[in-house]
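Trainee: File follows, my_file-v9.cif with mmCIF, C-alpha atoms:
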data_input
#
loop_
_atom_site.label_atom_id
_atom_site.label_comp_id
_atom_site.auth_asym_id
_atom_site.auth_seq_id
_atom_site.Cartn_x
_atom_site.Cartn_y
_atom_site.Cartn_z
CA MET A 99 20.97 14.74 109.16
CA SER A 100 17.47 15.66 110.16
CA LEU A 101 16.14 17.76 112.95
CA GLU A 102 12.89 15.96 113.91
CA ARG A 103 16.90 15.05 113.00
CA LYS A 104 26.97 9.01 107.26
CA ARG A 105 30.23 7.65 105.23
CA VAL A 106 28.88 5.03 103.01
CA PRO A 107 30.66 3.01 100.35
CA VAL A 108 30.65 5.09 97.19
CA SER A 109 31.18 3.45 93.84
CA ARG A 110 33.71 4.76 91.36
CA ASP A 111 30.82 5.97 89.22
CA LEU A 112 30.02 8.59 91.87
CA ARG A 113 33.32 10.38 91.53
CA VAL A 114 33.75 13.53 89.49
CA PRO A 115 35.88 12.67 86.46
CA ALA A 116 39.53 13.49 86.92
CA SER A 117 39.45 15.38 83.68
CA ALA A 118 36.72 17.10 81.72
CA PRO A 119 36.33 18.43 78.22
CA ALA A 120 37.63 21.91 77.63
CA GLY A 121 35.28 24.52 78.99
CA HIS A 122 33.40 21.98 81.11
CA GLY A 123 35.05 22.52 84.49
CA ALA A 124 38.29 22.10 86.35
CA THR A 125 40.67 19.20 85.83
CA SER A 126 40.47 18.06 89.46
CA THR A 127 37.91 18.12 92.25
CA PRO A 128 38.51 21.21 94.43
CA PHE A 129 38.25 20.95 98.20
CA PRO A 130 35.08 23.12 98.49
CA LEU A 131 33.25 20.76 96.13
CA ILE A 132 34.42 17.75 98.15
CA ALA A 133 33.06 19.48 101.27
CA VAL A 134 29.72 20.04 99.53
CA TYR A 135 29.55 16.37 98.55
CA ALA A 136 30.32 15.41 102.15
CA PHE A 137 27.54 17.69 103.34
CA TRP A 138 25.10 16.04 100.94
CA VAL A 139 26.08 12.65 102.36
CA LEU A 140 25.52 13.93 105.89
CA MET A 141 22.16 15.44 104.96
CA THR A 142 20.81 12.42 103.08
CA PHE A 143 22.46 9.31 104.55
CA GLU A 144 22.67 10.86 108.05
CA VAL A 145 25.71 8.77 108.93
CA ASP A 146 26.53 11.18 111.76
CA GLN A 147 23.32 10.09 113.48
CA PHE A 148 23.94 6.46 112.54
CA VAL A 149 27.44 6.34 114.02
CA SER A 150 26.31 8.19 117.14
CA ALA A 151 23.52 5.66 117.66
CA MET A 152 25.71 2.63 116.94
CA ILE A 153 28.87 3.40 118.92
CA GLY A 154 28.04 6.57 120.86
CA GLY A 155 29.95 9.83 120.89
CA PRO A 156 29.14 13.30 119.58
CA PHE A 157 29.38 12.39 115.88
CA TYR A 158 26.10 14.24 115.34
CA ARG A 159 28.16 17.43 115.70
CA ILE A 160 30.05 16.77 112.45
CA PRO A 161 27.70 19.01 110.41
CA LEU A 162 28.33 21.83 112.87
CA LEU A 163 32.06 21.57 112.12
CA LEU A 164 31.61 21.32 108.37
CA VAL A 165 29.20 24.22 107.92
CA PRO A 166 31.72 26.99 108.81
CA ILE A 167 34.23 25.56 106.31
CA ILE A 168 31.66 25.61 103.53
CA ALA A 169 30.46 29.06 104.59
CA VAL A 170 33.99 30.47 104.33
CA ALA A 171 34.36 28.95 100.85
CA LEU A 172 31.05 30.51 99.87
CA LEU A 173 32.09 33.95 101.09
CA ALA A 174 35.40 33.63 99.22
CA ARG A 175 33.62 32.72 95.99
CA GLY A 176 30.57 34.96 96.27
CA SER A 177 27.68 34.59 93.84
CA GLN A 178 24.31 36.25 93.54
CA ARG A 179 23.07 33.12 91.78
CA ALA A 180 22.76 31.53 95.23
CA VAL A 181 20.32 34.21 96.44
CA TYR A 182 16.86 32.63 96.63
CA TRP A 183 14.72 35.06 98.57
CA PRO A 184 11.84 32.77 99.62
CA LEU A 185 14.30 30.45 101.37
CA ILE A 186 16.31 33.32 102.86
CA LEU A 187 13.17 34.95 104.26
CA TRP A 188 12.05 31.58 105.62
CA VAL A 189 15.36 31.22 107.48
CA LEU A 190 15.10 34.80 108.80
CA MET A 191 11.65 34.01 110.17
CA HIS A 192 13.19 31.11 112.07
CA LEU A 193 15.90 33.44 113.37
CA GLY A 194 13.23 35.76 114.72
CA ALA A 195 11.37 32.86 116.33
CA SER A 196 14.60 31.72 118.00
CA VAL A 197 14.57 34.86 120.13
CA LEU A 198 10.87 35.78 120.34
CA SER A 199 8.84 32.57 120.52
CA GLU A 200 7.24 31.07 123.62
CA ASN A 201 9.91 28.36 123.81
CA VAL A 202 13.05 29.77 122.21
CA GLY A 203 15.04 26.57 122.79
CA LEU A 204 12.81 24.58 120.46
CA SER A 205 12.83 27.33 117.84
CA ARG A 206 16.62 27.59 117.98
CA ASP A 207 16.89 23.92 117.08
CA ALA A 208 14.71 24.56 114.03
CA PHE A 209 16.72 27.68 113.11
CA LYS A 210 19.99 25.72 113.27
CA TYR A 211 18.59 23.11 110.92
CA MET A 212 17.37 25.74 108.47
CA VAL A 213 20.86 27.29 108.47
CA TYR A 214 22.15 23.87 107.41
CA VAL A 215 19.57 23.82 104.62
CA LEU A 216 20.53 27.31 103.47
CA VAL A 217 24.25 26.44 103.42
CA LEU A 218 23.55 23.25 101.47
CA PHE A 219 21.44 25.17 98.98
CA ALA A 220 23.89 28.04 98.44
CA SER A 221 26.99 25.84 98.26
CA SER A 222 25.29 23.51 95.76
CA VAL A 223 24.37 26.40 93.50
CA VAL A 224 27.86 27.89 93.65
CA PHE A 225 30.06 24.79 93.42
CA MET A 226 27.93 22.30 91.49
CA ASP A 227 28.09 24.28 88.25
CA THR A 228 28.36 21.52 85.63
CA PRO A 229 26.20 18.47 84.83
CA ALA A 230 29.00 16.09 85.89
CA LYS A 231 29.07 17.57 89.38
CA ILE A 232 25.29 17.47 89.77
CA ILE A 233 25.02 13.90 88.52
CA VAL A 234 27.24 12.81 91.42
CA VAL A 235 24.63 14.11 93.87
CA LEU A 236 21.73 12.69 91.86
CA LYS A 237 23.32 9.24 92.20
CA LEU A 238 23.93 9.75 95.91
CA TYR A 239 20.32 10.84 96.26
CA LEU A 240 19.09 7.67 94.55
CA VAL A 241 21.29 5.38 96.66
CA HIS A 242 20.25 7.00 99.94
CA PHE A 243 16.74 5.63 99.43
CA ILE A 244 18.16 2.09 99.32
CA TRP A 245 20.26 2.82 102.44
CA PHE A 246 17.12 3.52 104.46
CA ALA A 247 14.79 1.13 102.66
CA VAL A 248 16.89 -1.95 103.38
CA GLN A 249 17.27 -1.03 107.04
CA GLY A 250 13.52 -0.58 107.36
CA LEU A 251 12.63 -4.02 105.99
CA PRO A 252 10.83 -5.96 107.38
CA SER A 253 9.89 -3.87 110.45
CA GLY A 254 8.76 -0.76 108.56
CA LYS A 255 11.07 1.49 110.57
CA VAL A 256 14.75 2.41 110.97
CA SER A 257 15.48 1.77 114.63
CA TRP A 258 18.37 4.21 115.13
CA HIS A 259 16.79 7.21 113.38
CA PRO A 260 14.99 9.86 115.49
CA LEU A 261 11.99 9.94 113.12
CA LEU A 262 12.29 7.01 110.74
CA SER A 263 11.99 4.74 113.77
CA ASN A 264 8.28 5.50 113.30
CA GLU A 265 6.36 3.89 110.42
CA ASP A 266 4.66 7.22 109.76
CA SER A 267 8.03 8.65 108.69
CA TYR A 268 9.50 5.58 106.99
CA GLY A 269 6.46 5.16 104.73
CA PRO A 270 6.59 8.68 103.25
CA LEU A 271 10.30 8.33 102.45
CA MET A 272 9.54 5.14 100.53
CA VAL A 273 6.85 6.97 98.55
CA MET A 274 9.46 9.52 97.48
CA ALA A 275 11.87 6.68 96.63
CA MET A 276 9.28 5.13 94.34
CA GLY A 277 8.61 8.39 92.47
CA PHE A 278 12.22 9.50 92.10
CA SER A 279 13.64 6.13 91.10
CA TYR A 280 11.09 5.39 88.39
CA PHE A 281 11.99 8.33 86.18
CA TYR A 282 15.67 8.19 87.13
CA GLY A 283 15.76 4.73 85.59
CA MET A 284 14.45 6.25 82.38
CA ALA A 285 16.85 9.19 82.57
CA THR A 286 20.20 7.40 82.80
CA LEU A 287 22.00 5.76 79.88
CA SER A 288 24.00 3.61 82.28
CA ARG A 289 22.72 0.05 82.48
CA ARG A 290 24.14 -0.27 85.98
CA TRP A 291 22.33 2.79 87.29
CA ARG A 292 19.15 1.78 85.49
CA TRP A 293 19.14 -1.43 87.52
CA ILE A 294 19.95 0.44 90.72
CA ALA A 295 16.92 2.65 90.02
CA ARG A 296 14.73 -0.42 89.47
CA ILE A 297 15.92 -1.95 92.72
CA THR A 298 15.16 1.33 94.49
CA PHE A 299 11.64 1.32 93.05
CA PHE A 300 11.10 -2.27 94.16
CA VAL A 301 12.28 -1.78 97.74
CA GLY A 302 10.36 1.50 97.89
CA VAL A 303 7.10 -0.29 97.12
CA LEU A 304 7.94 -2.98 99.67
CA GLY A 305 8.73 -0.28 102.22
CA ILE A 306 5.36 1.40 101.68
CA ILE A 307 3.59 -1.89 102.35
CA VAL A 308 5.51 -2.87 105.48
CA SER A 309 5.20 0.61 106.95
CA PHE A 310 1.46 0.12 107.56
CA ALA A 311 1.09 3.88 106.95
CA ARG A 312 -2.34 4.72 105.54
CA GLY A 313 -1.32 8.22 104.48
CA ALA A 314 1.73 6.83 102.70
CA ALA A 315 -0.49 4.35 100.83
CA LEU A 316 -2.73 7.19 99.63
CA ALA A 317 0.27 9.32 98.62
CA ALA A 318 1.75 6.30 96.80
CA ALA A 319 -1.46 5.96 94.79
CA ALA A 320 -1.23 9.63 93.80
CA THR A 321 2.43 9.17 92.85
CA LEU A 322 1.61 6.15 90.69
CA LEU A 323 -1.08 8.16 88.91
CA TYR A 324 1.49 10.87 88.22
CA ILE A 325 3.92 8.26 86.88
CA LEU A 326 1.26 6.85 84.57
CA ALA A 327 0.24 10.32 83.40
CA ARG A 328 3.78 11.50 82.61
CA SER A 329 5.50 8.32 81.46
CA PRO A 330 6.48 8.50 77.76
CA GLN A 331 5.94 4.73 77.58
CA ARG A 332 2.56 4.39 79.24
CA MET A 333 1.67 0.87 78.06
CA LYS A 334 5.09 -0.46 79.04
CA THR A 335 4.70 1.25 82.39
CA ILE A 336 1.34 -0.39 83.01
CA ALA A 337 2.77 -3.79 82.05
CA ALA A 338 5.80 -3.25 84.31
CA LEU A 339 3.58 -2.25 87.24
CA LEU A 340 1.42 -5.34 86.78
CA LEU A 341 4.52 -7.51 86.70
CA LEU A 342 5.84 -5.74 89.78
CA ALA A 343 2.56 -6.41 91.60
CA ILE A 344 2.90 -10.11 90.82
CA VAL A 345 6.34 -10.08 92.44
CA VAL A 346 5.76 -7.60 95.28
CA VAL A 347 2.51 -8.95 96.72
CA PRO A 348 3.94 -12.43 97.51
CA ALA A 349 7.16 -10.88 98.79
CA ALA A 350 5.24 -8.45 100.99
CA ALA A 351 3.05 -11.28 102.28
CA LEU A 352 6.20 -12.88 103.69
CA LEU A 353 6.86 -9.73 105.69
CA VAL A 354 3.31 -8.60 106.51
CA PRO A 355 0.18 -10.79 106.61
CA LEU A 356 -2.16 -9.45 103.93
CA ASP A 357 -5.26 -9.56 106.14
CA GLU A 358 -3.51 -7.49 108.82
CA TYR A 359 -2.42 -4.92 106.24
CA ILE A 360 -5.91 -4.55 104.78
CA ALA A 361 -7.37 -4.26 108.28
CA GLU A 362 -4.86 -1.52 109.11
CA ILE A 363 -5.67 0.44 105.95
CA ARG A 364 -9.40 0.21 106.65
CA SER A 365 -9.19 1.10 110.34
CA SER A 366 -8.92 4.84 109.77
CA SER A 367 -11.65 6.23 112.01
CA GLU A 368 -9.68 6.46 115.27
CA GLY A 369 -6.57 7.94 113.68
CA ASP A 370 -8.58 10.35 111.55
CA ASP A 371 -10.54 11.56 114.57
CA GLY A 372 -7.28 12.27 116.37
CA ARG A 373 -5.84 14.12 113.41
CA MET A 374 -8.95 16.23 112.92
CA ALA A 375 -8.82 17.18 116.59
CA VAL A 376 -5.18 18.24 116.44
CA TRP A 377 -5.77 20.14 113.18
CA THR A 378 -8.53 22.06 114.94
CA LEU A 379 -6.09 22.87 117.74
CA ALA A 380 -3.56 24.02 115.13
CA TRP A 381 -6.16 26.41 113.73
CA ASN A 382 -6.73 27.80 117.23
CA VAL A 383 -2.97 28.29 117.64
CA PHE A 384 -2.80 30.03 114.26
CA LYS A 385 -5.44 32.53 115.38
CA THR A 386 -3.21 33.63 118.27
CA SER A 387 -0.58 34.92 115.82
CA PRO A 388 -1.94 34.79 112.26
CA VAL A 389 0.71 36.88 110.52
CA VAL A 390 4.04 35.29 111.56
CA GLY A 391 2.90 32.33 113.65
CA VAL A 392 3.98 31.23 117.10
CA GLY A 393 7.43 30.03 116.07
CA ALA A 394 8.92 26.73 114.90
CA PHE A 395 8.16 23.74 117.16
CA ASN A 396 5.95 25.93 119.35
CA PHE A 397 2.58 24.50 118.36
CA GLY A 398 2.59 22.12 121.36
CA PRO A 399 3.64 24.63 124.04
CA VAL A 400 1.15 27.25 122.85
CA ALA A 401 -1.68 24.74 122.36
CA SER A 402 -1.19 23.47 125.91
CA GLU A 403 -1.62 27.03 127.22
CA ILE A 404 -4.66 28.15 125.23
CA THR A 405 -6.66 24.90 125.32
CA GLU A 406 -9.28 24.18 127.97
CA PRO A 407 -9.68 20.64 129.34
CA ASP A 408 -12.27 18.61 127.44
CA PRO A 409 -12.68 14.87 128.21
CA THR A 410 -14.69 14.37 125.01
CA ARG A 411 -11.89 15.59 122.76
CA ALA A 412 -10.11 12.86 120.75
CA LYS A 413 -6.72 14.52 121.19
CA GLY A 414 -5.49 16.54 124.12
CA ALA A 415 -8.34 15.97 126.56
CA ASP A 416 -5.78 17.11 129.13
CA PRO A 417 -4.07 20.24 127.69
CA ALA A 418 -0.81 19.33 129.47
CA GLN A 419 -0.52 16.37 127.10
CA LEU A 420 -0.32 18.74 124.12
CA TRP A 421 3.10 20.16 125.00
CA ASN A 422 4.91 17.55 122.88
CA ALA A 423 2.12 17.18 120.31
CA TRP A 424 2.67 17.31 116.55
CA VAL A 425 0.25 18.70 113.99
CA HIS A 426 0.60 15.75 111.57
CA ASN A 427 -0.02 18.06 108.64
CA ALA A 428 2.78 20.15 107.13
CA PRO A 429 0.63 23.01 105.74
CA MET A 430 -1.27 23.33 109.03
CA GLN A 431 1.99 23.19 110.99
CA ILE A 432 3.41 25.99 108.85
CA LEU A 433 0.23 28.02 109.25
CA ALA A 434 0.32 27.67 113.04
CA GLU A 435 4.07 28.14 113.51
CA GLU A 436 5.00 30.53 110.65
CA GLY A 437 1.62 32.15 109.99
CA LEU A 438 0.37 33.66 106.74
CA VAL A 439 3.85 34.90 105.84
CA GLY A 440 5.31 31.42 106.23
CA ILE A 441 2.58 29.63 104.28
CA ALA A 442 2.92 32.21 101.48
CA LEU A 443 6.69 31.60 101.27
CA TRP A 444 6.12 27.84 101.25
CA ILE A 445 3.58 28.09 98.43
CA VAL A 446 5.97 30.29 96.44
CA MET A 447 8.69 27.65 96.83
CA VAL A 448 6.38 24.81 95.77
CA VAL A 449 5.07 26.68 92.71
CA GLY A 450 8.59 27.81 91.81
CA PHE A 451 9.78 24.21 92.03
CA PHE A 452 7.31 22.96 89.45
CA ARG A 453 7.88 25.98 87.21
CA ARG A 454 11.63 25.42 87.19
CA ASN A 455 11.19 21.75 86.41
CA ALA A 456 8.92 22.64 83.50
CA ARG A 457 11.73 24.77 82.11
CA LEU A 458 14.09 21.81 82.35
CA ARG A 459 11.94 20.06 79.75
CA THR A 460 12.30 22.82 77.15
CA ASP A 461 14.46 22.25 74.07
CA GLU A 462 16.72 25.15 75.10
CA ALA A 463 17.47 23.70 78.53
CA ARG A 464 17.96 20.17 77.22
CA SER A 465 20.36 21.26 74.49
CA ARG A 466 22.42 23.40 76.86
CA TRP A 467 22.52 20.58 79.41
CA ALA A 468 23.78 18.17 76.74
CA ALA A 469 26.30 20.69 75.42
CA ARG A 470 27.82 21.06 78.87
CA GLY A 471 28.43 17.35 79.23
CA GLY A 472 25.12 16.01 80.53
CA LYS A 473 24.34 13.58 77.71
CA ALA A 474 24.59 10.58 80.05
CA VAL A 475 21.44 11.69 81.86
CA ASP A 476 18.24 13.00 80.26
CA ILE A 477 17.39 16.18 82.13
CA ARG A 478 13.76 15.96 81.01
CA MET A 479 13.36 12.65 82.84
CA ILE A 480 15.26 14.01 85.84
CA SER A 481 12.74 16.86 86.08
CA LEU A 482 9.97 14.25 86.18
CA SER A 483 11.91 12.34 88.87
CA LEU A 484 11.94 15.44 91.04
CA ASN A 485 8.28 16.13 90.31
CA ALA A 486 7.22 12.58 91.21
CA ALA A 487 9.16 12.73 94.48
CA MET A 488 7.56 16.08 95.30
CA VAL A 489 4.08 14.73 94.51
CA GLY A 490 4.79 11.95 97.00
CA TRP A 491 6.08 14.44 99.57
CA LEU A 492 3.06 16.72 99.18
CA GLY A 493 0.67 13.80 99.48
CA CYS A 494 2.33 12.55 102.65
CA SER A 495 2.61 16.07 104.09
CA ILE A 496 -1.16 16.07 104.64
CA PHE A 497 -0.77 13.36 107.27
CA TYR A 498 2.77 13.55 108.67
CA ASN A 499 5.46 15.86 110.10
CA GLN A 500 8.03 16.41 107.36
CA ILE A 501 9.16 20.04 107.36
CA TYR A 502 12.39 19.59 109.33
CA LEU A 503 13.73 16.72 107.30
CA HIS A 504 15.84 17.31 104.21
CA TRP A 505 13.22 15.80 101.88
CA PHE A 506 11.44 18.98 100.73
CA TRP A 507 14.56 21.13 100.88
CA SER A 508 16.82 18.77 98.93
CA LEU A 509 14.26 18.59 96.11
CA ILE A 510 14.05 22.38 96.01
CA THR A 511 17.86 22.56 95.92
CA LEU A 512 18.32 19.99 93.15
CA SER A 513 15.68 21.67 91.00
CA TYR A 514 17.26 25.08 91.45
CA VAL A 515 20.79 23.86 90.71
CA LEU A 516 19.69 21.97 87.60
CA THR A 517 17.90 25.06 86.32
CA GLU A 518 20.94 27.24 86.94
CA VAL A 519 23.23 24.90 85.01
CA SER A 520 20.86 24.39 82.10
CA THR A 521 19.95 28.06 81.68
CA HIS A 522 23.41 29.66 81.98
CA ALA A 523 25.99 29.55 79.23
CA VAL A 524 29.42 27.96 79.61
CA GLY A 525 32.24 30.18 80.83
CA GLY A 526 30.12 32.45 83.00
CA ALA A 527 28.09 34.15 80.29
CA THR A 528 24.54 34.39 81.49
CA GLY A 529 21.70 33.22 79.38
CA LYS A 530 18.07 33.60 80.22
CA PRO A 531 17.94 33.96 84.01
CA ALA A 532 16.56 31.05 85.97
CA THR A 533 13.10 31.22 87.43
CA ARG A 534 13.37 32.24 91.04
#
Produce structure tokens that represent the structure in this file.
Mentor:
Amino acid sequence: MSLERKRVPVSRDLRVPASAPAGHGATSTPFPLIAVYAFWVLMTFEVDQFVSAMIGGPFYRIPLLLVPIIAVALLARGSQRAVYWPLILWVLMHLGASVLSENVGLSRDAFKYMVYVLVLFASSVVFMDTPAKIIVVLKLYLVHFIWFAVQGLPSGKVSWHPLLSNEDSYGPLMVMAMGFSYFYGMATLSRRWRWIARITFFVGVLGIIVSFARGAALAAAATLLYILARSPQRMKTIAALLLLAIVVVPAAALLVPLDEYIAEIRSSSEGDDGRMAVWTLAWNVFKTSPVVGVGAFNFGPVASEITEPDPTRAKGADPAQLWNAWVHNAPMQILAEEGLVGIALWIVMVVGFFRRNARLRTDEARSRWAARGGKAVDIRMISLSLNAAMVGWLGCSIFYNQIYLHWFWSLITLSYVLTEVSTHAVGGATGKPATR
């Protein structure tokens, strides 16, 4: 379920155990938790969009029906642990834009999506309160990369998806798949899930190649450097990557001629000129409303109004063509559409993400995680999985539109939930409060 815009076969390993050790949760899966799991499937696998595209019908409205149910369950439970002010303020900014921006219809679409994100975040914090419950979502998250990767091979795009039907969106997702799956394979004690992680890594690398996305290739290089820097088994990692290259390059050559791929990577001047031109336009839009921006999805409409015709410009020689234009740079898009307030909130969320993940690697967090039933998954490696995926996302965000996809927001949510569980004592007693 993305804005720029889902029942898949789930293995028995993805279910919450029917019983749990004393003090480690309820003896059965309550309905609100099932609803949260369903929402995660909708957000990540986007089967509502898939079914709508395949057989028609308003299946894309399923999230709209599920959100009120989860919201009622949240209100009934109530928990200040779910209050994360940077995200709440971000959503409120989108609410304001939905009534005050140049094109309120576009901003309302963005606001609706951010409400989905906020509900997913809050419900995950409230109802996923044990390692066993979180591990279910971590497995779903891993498998969703395979779901999209396989559909995108060999074309480098997912035909039915509103954005992944473009290589410039499919490639970045595969970069995140590569980063997340590598450390997940090191985190799990399950041989089955270790192999699933390895398969995810393999198809992720293939997906990056067939996408022909230059920005994704650069972000993948940065992600690989992070993997090498943080891997506890560096020499084995280097050997595994060399072995993977021996396998992947011939396999990729069957899908994409190597000379065409190299030519595509090298031919960056035209695309770069276009991006630099649109980034300049984004800066001009930012200057019209530097504090709070012009509103979500309003870069194009505002740019088309304030830009003079210029036949020498690489992008938008005719200002009317800018109405549907994208910034192709997440920070610049935020700066133009949410202003200094928005970019400050985004930076706070990014910094907070890495700070929380650093806490997950402390002895205190690891021991509490294990004591609550999380011994099957090493939370230290999971924190590195999230970090590697975020490094990939940040690298790709320089070149592509990625704000109104779940990618950034699901990573923020998983990090926050993991920190809450590993820094709060069993039975509701509060330990050291989580980093907000």
Trainee: Using 12 Å as the limit and counting all atoms listed in the file, can you tabulate each residue of stretch 366-474 of chain A that touches stretch 500-519 of chain A, with its shortest atom-to-atom distance in Å and the two atoms involved, as CSV?
Mentor:
residue,atom,partner,partner_atom,distance
A:Ala394,CA,A:Tyr502,CA,9.7
A:Phe395,CA,A:Tyr502,CA,9.8
A:Trp424,CA,A:Gln500,CA,10.7
A:Val425,CA,A:Gln500,CA,10.5
A:His426,CA,A:Gln500,CA,8.6
A:Asn427,CA,A:Gln500,CA,8.3
A:Ala428,CA,A:Ile501,CA,6.4
A:Pro429,CA,A:Ile501,CA,9.2
A:Met430,CA,A:Ile501,CA,11.1
A:Gln431,CA,A:Ile501,CA,8.6
A:Ile432,CA,A:Ile501,CA,8.4
A:Glu435,CA,A:Ile501,CA,11.4
A:Glu436,CA,A:Ile501,CA,11.8
A:Trp444,CA,A:Phe506,CA,10.3
A:Val446,CA,A:Ile510,CA,11.3
A:Met447,CA,A:Ile510,CA,7.6
A:Val448,CA,A:Ile510,CA,8.0
A:Val449,CA,A:Ile510,CA,10.5
A:Gly450,CA,A:Ile510,CA,8.8
A:Phe451,CA,A:Ile510,CA,6.1
A:Phe452,CA,A:Ser513,CA,8.6
A:Arg453,CA,A:Ser513,CA,9.7
A:Arg454,CA,A:Thr517,CA,6.3
A:Asn455,CA,A:Ser513,CA,6.4
A:Ala456,CA,A:Thr517,CA,9.7
A:Arg457,CA,A:Thr517,CA,7.5
A:Leu458,CA,A:Thr517,CA,6.4
A:Arg459,CA,A:Thr517,CA,10.2
A:Thr460,CA,A:Thr517,CA,11.0
A:Glu462,CA,A:Thr517,CA,11.3
A:Ala463,CA,A:Thr517,CA,7.9
A:Arg464,CA,A:Thr517,CA,10.3
A:Ser465,CA,A:Val519,CA,11.5
A:Arg466,CA,A:Val519,CA,8.3
A:Trp467,CA,A:Val519,CA,7.1
A:Ala468,CA,A:Val519,CA,10.7
A:Ala469,CA,A:Val519,CA,10.9
A:Arg470,CA,A:Val519,CA,8.6
A:Gly471,CA,A:Val519,CA,10.8
A:Gly472,CA,A:Val519,CA,10.1
Trainee: Can you translate the PyMOL selection byres ((chain A and resi 213) around 10) into the concrete residues it hits in this file, as a VMD selection string?
Mentor: chain A and resid 165 186 189 to 190 192 to 193 208 to 212 214 to 219
Trainee: Around stretch 313-320 of chain A, with edges along x, y and z and 8 Å added on all six sides, what centre and edge lengths do you get, in Å to one decimal, as lines of an AutoDock Vina configuration file?
Mentor:
center_x = -0.5
center_y = 7.0
center_z = 99.1
size_x = 20.5
size_y = 21.3
size_z = 26.7
Trainee: Counting only C-alpha atoms, which residue out of A:Glu403, A:Phe300, A:Glu265, A:Lys237 sits closest to A:Thr286?
Mentor: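 Using only C-alpha atoms, the shortest distance to A:Thr286 belongs to A:Lys237.
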Trainee: Using the chain letters and numbering of this document, enumerate as a count of residues only the residues selected by the PyMOL selection byres ((chain A and resi 248) around 12).
Mentor: 27
Trainee: For a test of reading the model, state the distance in Å between atom CA of A:Pro388 and atom CA of A:Val400, rounded to one decimal.
Mentor: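 Pair atom CA of A:Pro388 / atom CA of A:Val400 returns 13.4 Å.
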Trainee: Could you tell me which residues the PyMOL selection byres ((chain A and resi 136) around 12) returns for this structure, as a PyMOL selection string?
Mentor: chain A and resi 99+104-106+108+129-135+137-146+160-161+163-165+167-168+218+221-222+234-235+238
Trainee: Taking all atoms listed in the file into account, name the residue in A:Ala418, A:Ala318, A:Trp258, A:Leu198 that is nearest to A:Gly277.
Mentor: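 Closest to A:Gly277, using all atoms listed in the file: A:Ala318.
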Trainee: Could you check how far atom CA of A:Gly493 sits from atom CA of A:Gly372, in Å to one decimal?
Mentor: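 Straight-line distance from atom CA of A:Gly493 to atom CA of A:Gly372 works out to 18.7 Å.
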Trainee: Grab the atom CA of A:Leu341 to atom CA of A:Arg296 distance for me, in Å with one decimal place.
Mentor: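 Going from atom CA of A:Leu341 over to atom CA of A:Arg296 covers 12.7 Å.
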Trainee: For A:Leu287, please output as a PyMOL selection string all residues within 12 Å (counting all atoms listed in the file; exclusion window: fewer than 2 positions along the same chain).
Mentor: chain A and resi 282-285+289-293+295+472-477+479
Trainee: Under the rule that all atoms listed in the file are counted, which of A:Val181, A:Ile496, A:Leu172, A:Ala487 is the nearest residue to A:Tyr239?
Mentor: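 Ranked by minimum distance to A:Tyr239, first place goes to A:Ala487.
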Trainee: With all atoms listed in the file as the atoms that count, which of A:Pro166, A:Ser288, A:Ala220, A:Val392 lies nearest to A:Leu185?
Mentor: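 So, comparing all the options, the nearest one is A:Ala220.
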Trainee: May I have the residues within 7 Å of stretch 174-180 of chain A as an MDAnalysis selection string, using all atoms listed in the file and disregarding those fewer than 2 positions away in the same chain?
Mentor: chainID A and resid 170:172 182 220 223:224
